[in-house]
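File shown: my_file_21.cif (mmCIF, C-alpha atoms and all ligand atoms).
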data_run
#
loop_
_atom_site.label_atom_id
_atom_site.label_comp_id
_atom_site.auth_asym_id
_atom_site.auth_seq_id
_atom_site.Cartn_x
_atom_site.Cartn_y
_atom_site.Cartn_z
CA MET A 336 111.44 -15.95 -226.68
CA LYS A 337 108.69 -13.53 -227.54
CA LYS A 338 108.13 -12.96 -231.24
CA THR A 339 108.48 -9.39 -232.45
CA VAL A 340 106.02 -7.66 -234.74
CA LEU A 341 106.87 -4.41 -236.49
CA VAL A 342 103.79 -2.25 -236.91
CA SER A 343 104.32 0.41 -239.57
CA GLY A 344 101.88 3.26 -239.09
CA GLY A 345 101.48 1.96 -235.56
CA ALA A 346 100.53 5.30 -234.02
CA GLY A 347 97.41 5.65 -236.18
CA PHE A 348 93.82 4.54 -235.70
CA ILE A 349 94.05 0.89 -236.73
CA GLY A 350 97.75 0.51 -235.85
CA SER A 351 97.27 1.57 -232.23
CA HIS A 352 94.39 -0.86 -231.66
CA VAL A 353 96.37 -3.67 -233.28
CA THR A 354 99.37 -2.88 -231.08
CA VAL A 355 97.24 -3.25 -227.95
CA GLU A 356 95.88 -6.62 -229.06
CA LEU A 357 99.33 -7.91 -230.07
CA LEU A 358 100.83 -6.94 -226.71
CA GLU A 359 97.91 -8.52 -224.87
CA ALA A 360 98.44 -11.72 -226.86
CA GLY A 361 102.07 -11.86 -225.73
CA TYR A 362 103.88 -10.42 -228.75
CA GLU A 363 106.62 -7.82 -228.55
CA VAL A 364 105.82 -4.84 -230.75
CA VAL A 365 107.92 -2.16 -232.38
CA VAL A 366 105.72 0.80 -233.28
CA ALA A 367 107.03 2.84 -236.21
CA ASP A 368 105.38 5.89 -237.69
CA ASN A 369 106.38 9.07 -239.50
CA MET A 370 103.59 10.94 -237.66
CA SER A 371 102.42 12.51 -240.92
CA ASN A 372 98.75 11.98 -240.08
CA CYS A 373 98.65 11.61 -236.31
CA ASP A 374 100.12 12.84 -233.05
CA MET A 375 101.30 10.86 -230.03
CA THR A 376 97.81 10.68 -228.43
CA CYS A 377 97.13 7.10 -229.46
CA PHE A 378 100.66 5.89 -228.80
CA GLU A 379 100.43 7.32 -225.27
CA GLY A 380 97.02 5.68 -224.92
CA VAL A 381 98.45 2.31 -225.95
CA LYS A 382 101.15 2.59 -223.29
CA LYS A 383 98.54 3.38 -220.64
CA ILE A 384 96.16 0.56 -221.64
CA THR A 385 98.92 -2.04 -221.70
CA GLY A 386 101.07 -0.69 -218.86
CA ARG A 387 104.02 -0.68 -221.26
CA ALA A 388 105.74 2.63 -220.59
CA ASP A 389 108.82 1.18 -222.33
CA LEU A 390 107.05 0.28 -225.60
CA PRO A 391 109.55 0.88 -228.43
CA PHE A 392 108.68 3.72 -230.77
CA GLU A 393 110.65 4.55 -233.91
CA LYS A 394 109.98 7.70 -235.91
CA VAL A 395 110.53 6.33 -239.37
CA ASP A 396 109.30 7.28 -242.80
CA PHE A 397 109.07 4.02 -244.72
CA CYS A 398 109.64 5.94 -247.95
CA ASP A 399 113.20 6.26 -246.68
CA ALA A 400 114.84 2.99 -247.77
CA VAL A 401 117.94 3.47 -245.62
CA ALA A 402 115.89 4.12 -242.48
CA THR A 403 113.69 1.12 -243.23
CA GLU A 404 116.73 -1.15 -243.62
CA ALA A 405 118.14 0.24 -240.37
CA LEU A 406 114.98 -0.71 -238.54
CA PHE A 407 115.25 -4.29 -239.75
CA ASP A 408 118.94 -4.26 -238.68
CA LYS A 409 118.11 -3.00 -235.21
CA TYR A 410 115.33 -5.49 -234.37
CA LYS A 411 114.85 -9.14 -235.15
CA ILE A 412 111.47 -8.86 -236.82
CA ASP A 413 109.32 -11.99 -237.08
CA ALA A 414 106.39 -10.26 -238.79
CA VAL A 415 105.56 -6.86 -240.15
CA ILE A 416 102.09 -5.38 -240.36
CA HIS A 417 102.07 -2.58 -242.89
CA PHE A 418 99.61 0.25 -242.25
CA ALA A 419 101.78 3.23 -243.15
CA ALA A 420 99.81 4.80 -246.01
CA PHE A 421 97.67 7.76 -246.97
CA LYS A 422 93.97 6.93 -246.90
CA ALA A 423 91.75 9.80 -248.01
CA VAL A 424 89.94 8.85 -251.19
CA GLY A 425 89.14 12.42 -252.33
CA GLU A 426 92.64 13.70 -251.63
CA SER A 427 94.09 10.84 -253.68
CA VAL A 428 92.12 12.05 -256.71
CA ASP A 429 93.65 15.52 -256.32
CA LYS A 430 97.18 14.33 -255.49
CA PRO A 431 97.75 11.03 -257.30
CA VAL A 432 101.54 11.33 -257.45
CA MET A 433 101.73 11.88 -253.70
CA TYR A 434 99.54 8.80 -253.12
CA TYR A 435 101.37 6.48 -255.49
CA LYS A 436 104.77 7.64 -254.26
CA ASN A 437 103.95 7.23 -250.59
CA ASN A 438 101.75 4.14 -250.57
CA LEU A 439 103.78 2.13 -253.08
CA GLY A 440 107.21 3.49 -252.07
CA SER A 441 106.84 2.67 -248.40
CA PHE A 442 105.57 -0.84 -249.07
CA LEU A 443 108.34 -1.58 -251.58
CA ASN A 444 110.93 -0.52 -249.01
CA VAL A 445 109.41 -2.83 -246.41
CA LEU A 446 109.49 -5.74 -248.86
CA GLU A 447 113.04 -4.96 -249.90
CA ALA A 448 114.17 -4.88 -246.27
CA ALA A 449 112.34 -8.17 -245.68
CA GLN A 450 114.25 -9.65 -248.62
CA THR A 451 117.66 -8.41 -247.54
CA HIS A 452 117.04 -9.78 -244.05
CA GLY A 453 116.34 -13.32 -245.19
CA GLY A 454 112.56 -13.07 -245.42
CA CYS A 455 109.67 -12.17 -243.17
CA ASN A 456 105.95 -12.62 -242.57
CA VAL A 457 104.16 -9.67 -244.12
CA LEU A 458 100.60 -8.63 -243.39
CA PHE A 459 99.19 -5.94 -245.66
CA SER A 460 96.19 -3.82 -244.72
CA SER A 461 93.98 -3.85 -247.78
CA SER A 462 90.43 -2.65 -248.23
CA ALA A 463 87.02 -3.73 -249.46
CA THR A 464 87.44 -0.89 -251.92
CA VAL A 465 89.19 -3.46 -254.18
CA TYR A 466 85.76 -5.04 -254.84
CA GLY A 467 84.18 -1.80 -256.13
CA GLN A 468 80.43 -2.30 -256.54
CA PRO A 469 80.21 -6.09 -256.48
CA GLU A 470 77.80 -7.89 -258.76
CA LYS A 471 76.94 -10.40 -256.04
CA LEU A 472 76.58 -9.76 -252.32
CA PRO A 473 77.98 -10.57 -249.86
CA VAL A 474 81.49 -10.57 -251.29
CA THR A 475 83.79 -13.52 -250.82
CA GLU A 476 87.54 -13.44 -251.35
CA GLU A 477 86.84 -15.02 -254.75
CA SER A 478 84.66 -12.11 -255.87
CA PRO A 479 86.41 -10.32 -258.74
CA ARG A 480 88.24 -7.10 -258.01
CA GLN A 481 86.82 -4.16 -259.97
CA PRO A 482 88.86 -1.41 -261.61
CA ALA A 483 89.82 1.08 -258.92
CA THR A 484 87.83 4.31 -258.86
CA SER A 485 90.53 6.38 -257.13
CA PRO A 486 94.33 6.44 -256.87
CA TYR A 487 93.88 5.41 -253.21
CA GLY A 488 91.99 2.29 -254.31
CA ALA A 489 94.56 1.66 -257.04
CA THR A 490 97.38 1.69 -254.48
CA LYS A 491 95.56 -0.98 -252.44
CA GLN A 492 95.18 -3.20 -255.51
CA MET A 493 98.77 -2.62 -256.60
CA CYS A 494 100.16 -3.39 -253.14
CA GLU A 495 98.11 -6.60 -253.08
CA ASP A 496 99.66 -7.61 -256.42
CA ILE A 497 103.16 -6.58 -255.35
CA LEU A 498 102.90 -8.76 -252.25
CA GLN A 499 101.54 -11.73 -254.23
CA ASP A 500 104.40 -11.48 -256.75
CA THR A 501 107.04 -11.00 -254.06
CA VAL A 502 105.84 -14.00 -252.09
CA LYS A 503 105.79 -16.12 -255.25
CA ALA A 504 109.36 -15.16 -256.17
CA SER A 505 110.75 -15.57 -252.66
CA GLY A 506 110.86 -19.36 -252.55
CA GLY A 507 109.03 -19.44 -249.24
CA ALA A 508 111.16 -16.81 -247.48
CA ILE A 509 108.38 -14.24 -247.57
CA LYS A 510 104.86 -15.18 -246.55
CA GLY A 511 101.94 -12.81 -246.96
CA ILE A 512 98.44 -12.21 -245.73
CA LEU A 513 96.14 -9.58 -247.24
CA LEU A 514 93.38 -8.47 -244.92
CA ARG A 515 90.57 -6.67 -246.73
CA TYR A 516 88.85 -4.42 -244.22
CA PHE A 517 85.26 -3.34 -244.59
CA ASN A 518 84.37 -0.20 -242.60
CA PRO A 519 86.35 -0.03 -239.34
CA ILE A 520 84.60 2.12 -236.72
CA GLY A 521 84.54 2.68 -232.97
CA ALA A 522 87.25 2.95 -230.37
CA HIS A 523 88.88 0.99 -227.58
CA PRO A 524 86.52 0.44 -224.61
CA SER A 525 88.99 2.33 -222.39
CA ALA A 526 88.34 5.45 -224.52
CA LEU A 527 92.10 6.04 -224.46
CA ILE A 528 92.60 5.39 -228.18
CA GLY A 529 90.38 5.97 -231.21
CA GLU A 530 90.09 7.72 -234.54
CA LEU A 531 91.71 11.17 -234.74
CA PRO A 532 90.87 12.67 -238.11
CA ARG A 533 92.69 15.83 -239.09
CA GLY A 534 90.39 18.57 -240.35
CA VAL A 535 86.93 17.68 -241.61
CA PRO A 536 86.36 13.92 -241.36
CA ASN A 537 85.65 12.06 -244.59
CA ASN A 538 84.27 8.98 -242.89
CA LEU A 539 80.80 8.64 -241.47
CA VAL A 540 81.31 7.80 -237.80
CA PRO A 541 83.84 10.53 -236.94
CA PHE A 542 81.52 12.98 -238.67
CA ILE A 543 78.63 11.72 -236.54
CA THR A 544 80.53 11.97 -233.25
CA GLN A 545 81.92 15.42 -234.11
CA THR A 546 78.42 16.63 -234.96
CA ALA A 547 77.07 15.23 -231.70
CA ILE A 548 79.78 16.99 -229.66
CA GLY A 549 79.15 20.27 -231.49
CA LYS A 550 82.35 20.46 -233.56
CA ARG A 551 80.30 20.17 -236.79
CA GLU A 552 76.96 21.75 -237.30
CA CYS A 553 75.15 19.12 -239.28
CA LEU A 554 75.77 15.67 -240.73
CA SER A 555 74.99 15.30 -244.42
CA ILE A 556 73.61 11.92 -245.36
CA PHE A 557 74.85 11.45 -248.87
CA GLY A 558 71.84 10.23 -250.82
CA ASP A 559 68.53 8.65 -249.78
CA ASP A 560 67.53 7.48 -253.23
CA TYR A 561 69.73 4.40 -253.53
CA PRO A 562 68.06 1.08 -254.41
CA THR A 563 68.24 -0.15 -250.79
CA PRO A 564 65.46 -0.72 -248.21
CA ASP A 565 65.65 2.83 -246.76
CA GLY A 566 67.36 4.50 -249.73
CA THR A 567 70.73 5.04 -247.98
CA CYS A 568 73.91 3.08 -248.71
CA LEU A 569 74.68 -0.25 -247.06
CA ARG A 570 78.07 -1.00 -245.52
CA ASP A 571 79.66 -3.59 -243.25
CA TYR A 572 80.77 -1.65 -240.16
CA ILE A 573 83.34 -3.61 -238.19
CA ASP A 574 84.34 -2.76 -234.64
CA ILE A 575 87.95 -1.61 -234.44
CA VAL A 576 88.81 -3.99 -231.59
CA ASP A 577 87.29 -6.94 -233.45
CA LEU A 578 89.28 -5.88 -236.52
CA ALA A 579 92.47 -5.57 -234.46
CA LYS A 580 92.02 -9.09 -233.09
CA ALA A 581 91.87 -10.47 -236.64
CA HIS A 582 95.48 -9.29 -237.05
CA VAL A 583 96.62 -11.30 -234.04
CA PHE A 584 95.07 -14.45 -235.51
CA ALA A 585 96.65 -13.74 -238.89
CA VAL A 586 100.12 -13.03 -237.49
CA THR A 587 99.99 -16.17 -235.34
CA ARG A 588 98.95 -18.23 -238.36
CA MET A 589 101.96 -16.95 -240.30
CA ILE A 590 104.46 -17.33 -237.46
CA GLU A 591 103.24 -20.81 -236.55
CA GLY A 592 103.44 -21.95 -240.18
CA LYS A 593 99.73 -22.79 -240.40
CA MET A 594 99.11 -21.14 -243.74
CA LYS A 595 97.56 -23.16 -246.56
CA LYS A 596 99.15 -20.98 -249.24
CA ASP A 597 102.16 -18.68 -249.07
CA CYS A 598 99.93 -15.68 -249.70
CA GLU A 599 96.41 -15.71 -248.31
CA VAL A 600 93.52 -13.27 -248.52
CA PHE A 601 90.80 -12.72 -245.91
CA ASN A 602 87.79 -10.44 -245.68
CA VAL A 603 87.55 -8.77 -242.31
CA GLY A 604 83.93 -7.85 -241.83
CA THR A 605 80.82 -8.88 -239.92
CA GLY A 606 78.62 -10.11 -242.77
CA ARG A 607 75.94 -7.67 -241.55
CA PRO A 608 74.78 -4.87 -243.86
CA VAL A 609 73.80 -1.65 -242.05
CA SER A 610 72.45 1.44 -243.78
CA VAL A 611 73.67 4.97 -243.12
CA MET A 612 70.24 5.83 -241.69
CA GLU A 613 70.24 2.75 -239.43
CA LEU A 614 73.66 3.70 -238.13
CA VAL A 615 72.57 7.27 -237.39
CA THR A 616 69.42 6.05 -235.62
CA ALA A 617 71.38 3.47 -233.60
CA PHE A 618 73.87 6.15 -232.55
CA GLU A 619 71.06 8.41 -231.33
CA LYS A 620 69.30 5.62 -229.47
CA VAL A 621 72.25 4.02 -227.74
CA ASN A 622 73.73 7.34 -226.63
CA GLY A 623 70.40 9.00 -225.82
CA LEU A 624 70.80 12.06 -228.02
CA LYS A 625 69.47 13.68 -231.17
CA LEU A 626 71.77 14.25 -234.09
CA ASN A 627 71.44 17.21 -236.41
CA TYR A 628 71.40 15.75 -239.91
CA LYS A 629 70.04 16.44 -243.36
CA ILE A 630 69.72 14.53 -246.59
CA ALA A 631 72.27 15.74 -249.15
CA PRO A 632 73.07 14.72 -252.74
CA ARG A 633 74.93 11.48 -253.37
CA ARG A 634 78.70 11.62 -252.90
CA PRO A 635 80.54 10.87 -256.16
CA GLY A 636 82.27 7.50 -256.13
CA ASP A 637 80.12 5.89 -253.42
CA VAL A 638 78.95 2.36 -254.09
CA THR A 639 75.36 1.43 -253.23
CA ALA A 640 76.08 -1.58 -251.08
CA VAL A 641 78.99 -3.72 -249.99
CA TRP A 642 79.29 -6.20 -247.20
CA ALA A 643 81.48 -9.18 -246.46
CA ASP A 644 81.08 -12.88 -246.42
CA PRO A 645 83.49 -13.47 -243.50
CA THR A 646 83.20 -17.29 -243.59
CA LEU A 647 86.79 -17.86 -244.67
CA ALA A 648 88.26 -15.74 -241.86
CA ASN A 649 85.87 -17.37 -239.37
CA LYS A 650 86.93 -20.83 -240.46
CA GLU A 651 90.61 -20.43 -241.24
CA LEU A 652 91.69 -17.76 -238.78
CA GLY A 653 89.31 -18.89 -236.04
CA TRP A 654 88.27 -15.24 -235.75
CA LYS A 655 84.81 -13.77 -235.63
CA ALA A 656 83.44 -10.27 -235.13
CA THR A 657 81.65 -10.22 -231.78
CA ARG A 658 80.60 -6.65 -231.04
CA SER A 659 77.20 -5.20 -231.84
CA VAL A 660 76.88 -1.93 -233.75
CA GLU A 661 75.38 -0.45 -230.56
CA GLU A 662 78.42 -1.32 -228.41
CA THR A 663 80.71 0.07 -231.08
CA LEU A 664 78.81 3.34 -231.38
CA LYS A 665 78.88 3.73 -227.60
CA ALA A 666 82.66 3.35 -227.65
CA ALA A 667 82.99 5.85 -230.51
CA TRP A 668 80.98 8.39 -228.51
CA ALA A 669 82.98 7.75 -225.31
CA TRP A 670 86.17 8.45 -227.27
CA GLU A 671 84.82 11.72 -228.72
CA LYS A 672 83.85 12.81 -225.20
CA HIS A 673 87.28 11.82 -223.90
CA LEU A 674 88.86 14.03 -226.59
CA ALA A 675 86.63 16.90 -225.55
CA GLY A 676 87.67 16.37 -221.92
CA LYS A 677 84.09 15.50 -220.90
C1 LIG B 701 85.78 4.69 -247.68
C2 LIG B 701 86.50 4.19 -248.88
C3 LIG B 701 87.25 2.93 -248.53
C4 LIG B 701 88.19 3.19 -247.40
C5 LIG B 701 87.42 3.72 -246.23
C6 LIG B 701 88.41 4.13 -245.17
C7 LIG B 701 85.68 4.11 -251.22
C8 LIG B 701 84.50 3.92 -252.08
N1 LIG B 701 85.49 3.97 -249.92
O1 LIG B 701 84.73 3.79 -247.41
O2 LIG B 701 87.98 2.50 -249.60
O3 LIG B 701 88.87 2.02 -247.06
O4 LIG B 701 86.65 4.86 -246.59
O5 LIG B 701 87.75 4.35 -243.99
O6 LIG B 701 86.72 4.38 -251.68
N2 LIG B 701 78.48 9.14 -245.46
C9 LIG B 701 77.53 10.12 -245.27
N3 LIG B 701 77.94 11.31 -244.72
C10 LIG B 701 79.23 11.57 -244.38
C11 LIG B 701 80.21 10.55 -244.58
C12 LIG B 701 79.79 9.35 -245.14
O7 LIG B 701 76.35 9.94 -245.57
O8 LIG B 701 79.52 12.68 -243.91
C13 LIG B 701 78.06 7.84 -246.02
C14 LIG B 701 78.73 7.49 -247.34
O9 LIG B 701 78.00 8.01 -248.40
C15 LIG B 701 78.72 5.97 -247.27
C16 LIG B 701 78.82 5.65 -245.79
O10 LIG B 701 78.45 6.84 -245.12
O11 LIG B 701 77.52 5.49 -247.75
C17 LIG B 701 80.22 5.26 -245.34
O12 LIG B 701 81.14 6.26 -245.79
P1 LIG B 701 82.67 6.28 -245.31
O13 LIG B 701 82.73 6.20 -243.83
O14 LIG B 701 83.31 7.45 -245.97
O15 LIG B 701 83.26 4.91 -245.85
P2 LIG B 701 83.24 4.30 -247.33
O16 LIG B 701 83.01 5.33 -248.35
O17 LIG B 701 82.36 3.12 -247.32
#
Can you dump the structure from the file as C-alpha cells?
Ligand code: UD1
Amino acid sequence: MKKTVLVSGGAGFIGSHVTVELLEAGYEVVVADNMSNCDMTCFEGVKKITGRADLPFEKVDFCDAVATEALFDKYKIDAVIHFAAFKAVGESVDKPVMYYKNNLGSFLNVLEAAQTHGGCNVLFSSSATVYGQPEKLPVTEESPRQPATSPYGATKQMCEDILQDTVKASGGAIKGILLRYFNPIGAHPSALIGELPRGVPNNLVPFITQTAIGKRECLSIFGDDYPTPDGTCLRDYIDIVDLAKAHVFAVTRMIEGKMKKDCEVFNVGTGRPVSVMELVTAFEKVNGLKLNYKIAPRRPGDVTAVWADPTLANKELGWKATRSVEETLKAAWAWEKHLAGK
C-alpha cells in the first residue's frame, strides 16, 4: 500500500516541487490549497511532469477547522507537510493580525485534526529567519534563535514551538520534523513549475528574472556597504528541487520510524555563502545577458550574512544539495521565459 502525504499549500512554489518529488518517490499525494496566493499553473505543471492527470486536489482553507477535519476523514493520511501560510515579510509588518491568524490558525487546525485522527507525522516548513543575524557562521541547528524581527518570522518561531509542545504531549502519536529553509530559488528543469509571485516580487531571484525579461525596469541591489567581501549581503541559495528532495527524505524517515527524537530539526541549505552581487553576475554569465541594476540603500530588516551548516541533514537524512548556483539560475530563467511564452 502506498503511503499518503497531505501537502497543505501544495499548489504553491515549494509545495508543487515537493509534490513532484513525493510522487516520483512512490508516495500518493493529496494536494490541498486555498489558492489565496497562487493559481492552478503549478498544479497543472505537476500533473504534466508526473503524468498524473488524476492527482487529487482539494480546495481547502486550513483556517477552516471543519474543512480540515473533513480532509482527514476523507483520506488516510500518513504524513502532512504544512506549507499553507503567508510569507511576505513586509506585508506581515503592516498586517500582523492577518499573519498571526492565518499562519497560526491553519497550523493549529492541522494539528488538531492530526490529534483527533489518532496521530500523524507532521513536517513543518520553517525558515532560517528564526536565526536572525547569527553570532557564529555557519549556523547549526543548535545555534540560538534570535527574537523575530517581523510577525512573519514570529509565526515561524511560534509554529516551531507549537509543534514541539504538541509532539511532547502526544505520547508518541504525533511525530514532527522542522525543516529550516535557507533561500529557495530556481525552478523545475522541465520549466513547467516555478515561482509565481503576485505583484512586485520581494525576493531577489524573481526580481532578477522579471528584470531580465523586461517586466521590471531595474533591479535594486539593497546595499553594497555591508561588512562582506564585496559589500553585498551573503545568503545560502538552495535549489528548489534539492530542497524538495529533502522533504522526501524527511517524510520517509518519519514514516519508517527512523527518527532519533520525536521532534527533529534540520537546516536545509548548501553551506555555501553567495553574495547578491555574485548571484547577479552568475545569472548574467550563465544566461548570456546583461541585467539592468543599480545600487540602492539597504533594505530595513536585512541581515548581513546567513548560511547553513547542513551537516546534520547530510548525515541523518542522507540528503545533500547537489545543484550549482549556475544550474539553478538557468532553470529560473527558463521558467521566466516559459511564463512569457518564449
Ligand atoms: C526573506 C526572509 C526570509 C524568508 C524568505 C522567503 C527575512 C530577513 N528574510 O529572505 O525569512 O523565508 O525571504 O523567501 O525575513 N535583494 C536585493 N534586491 C531585491 C531583493 C532582494 O538586493 O530586489 C537582496 C536582499 O537585500 C538580500 C538578498 O537579496 O540580501 C536576498 O533577499 P530575499 O530574496 O528577499 O531573501 P531574504 O531576505 O534573505
| message | Taking 5 positions as the minimum chain separation for residues in the same chain, which residues sit within 8 Å of range 338-354 of chain A when counting all atoms listed in the file? Answer as an NGL selection string. | response | :A and (362-370 or 372-375 or 377-378 or 381 or 397 or 411-420 or 523 or 528-531 or 575-576 or 579-580 or 582-583)
For the interface of chain A with ligand LIG 701 (chain B) (cut-off 6 Å, counting only C-alpha atoms and all ligand atoms), please tabulate each contacting residue of chain A alongside its nearest pair of atoms and their separation in Å to one decimal, rows sorted by chain and increasing number, as CSV.
residue,atom,partner,partner_atom,distance
A:Val424,CA,B:LIG701,O6,5.5
A:Ser462,CA,B:LIG701,O3,5.1
A:Thr464,CA,B:LIG701,O2,4.1
A:Asn518,CA,B:LIG701,O5,5.8
A:Asn537,CA,B:LIG701,O14,5.4
A:Asn538,CA,B:LIG701,O13,3.3
A:Leu539,CA,B:LIG701,C11,3.7
A:Phe542,CA,B:LIG701,O8,5.6
A:Leu554,CA,B:LIG701,O8,5.8
A:Ser555,CA,B:LIG701,N3,5.0
A:Ile556,CA,B:LIG701,O7,3.4
A:Phe557,CA,B:LIG701,O7,3.9
A:Cys568,CA,B:LIG701,O11,4.4
A:Val611,CA,B:LIG701,O10,5.5
A:Arg634,CA,B:LIG701,O9,5.8
A:Gly636,CA,B:LIG701,C8,5.8
A:Asp637,CA,B:LIG701,C8,5.0
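Residue nearest Ala640 in chain A, chosen from A:Pro562, A:Gly386, A:Gly454, A:Pro431 and counting only C-alpha atoms: A:Pro562.
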| said: For range 504-508 of chain A, find every residue with an atom within 9 Å (counting only C-alpha atoms), except residues of its own chain fewer than 4 positions away, and show them as a PyMOL selection string. | reply: chain A and resi 449-450+453-456+499-500+597
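These residues, each with an atom at most 10 Å from (96.4, -13.5, -236.1) using all atoms listed in the file, are Glu356, Leu357, Ala360, Leu458, Ile512, Ala579, Lys580, Ala581, His582, Val583, Phe584, Ala585, Val586, Thr587, Arg588, Met589, Ile590, Leu652, Gly653 and Trp654 of chain A.
The shortest atom-to-atom distance to Phe459 in chain A, with only C-alpha atoms taken into account, belongs to A:Gln492 out of A:Thr544, A:Thr646, A:Gln492, A:Thr484.
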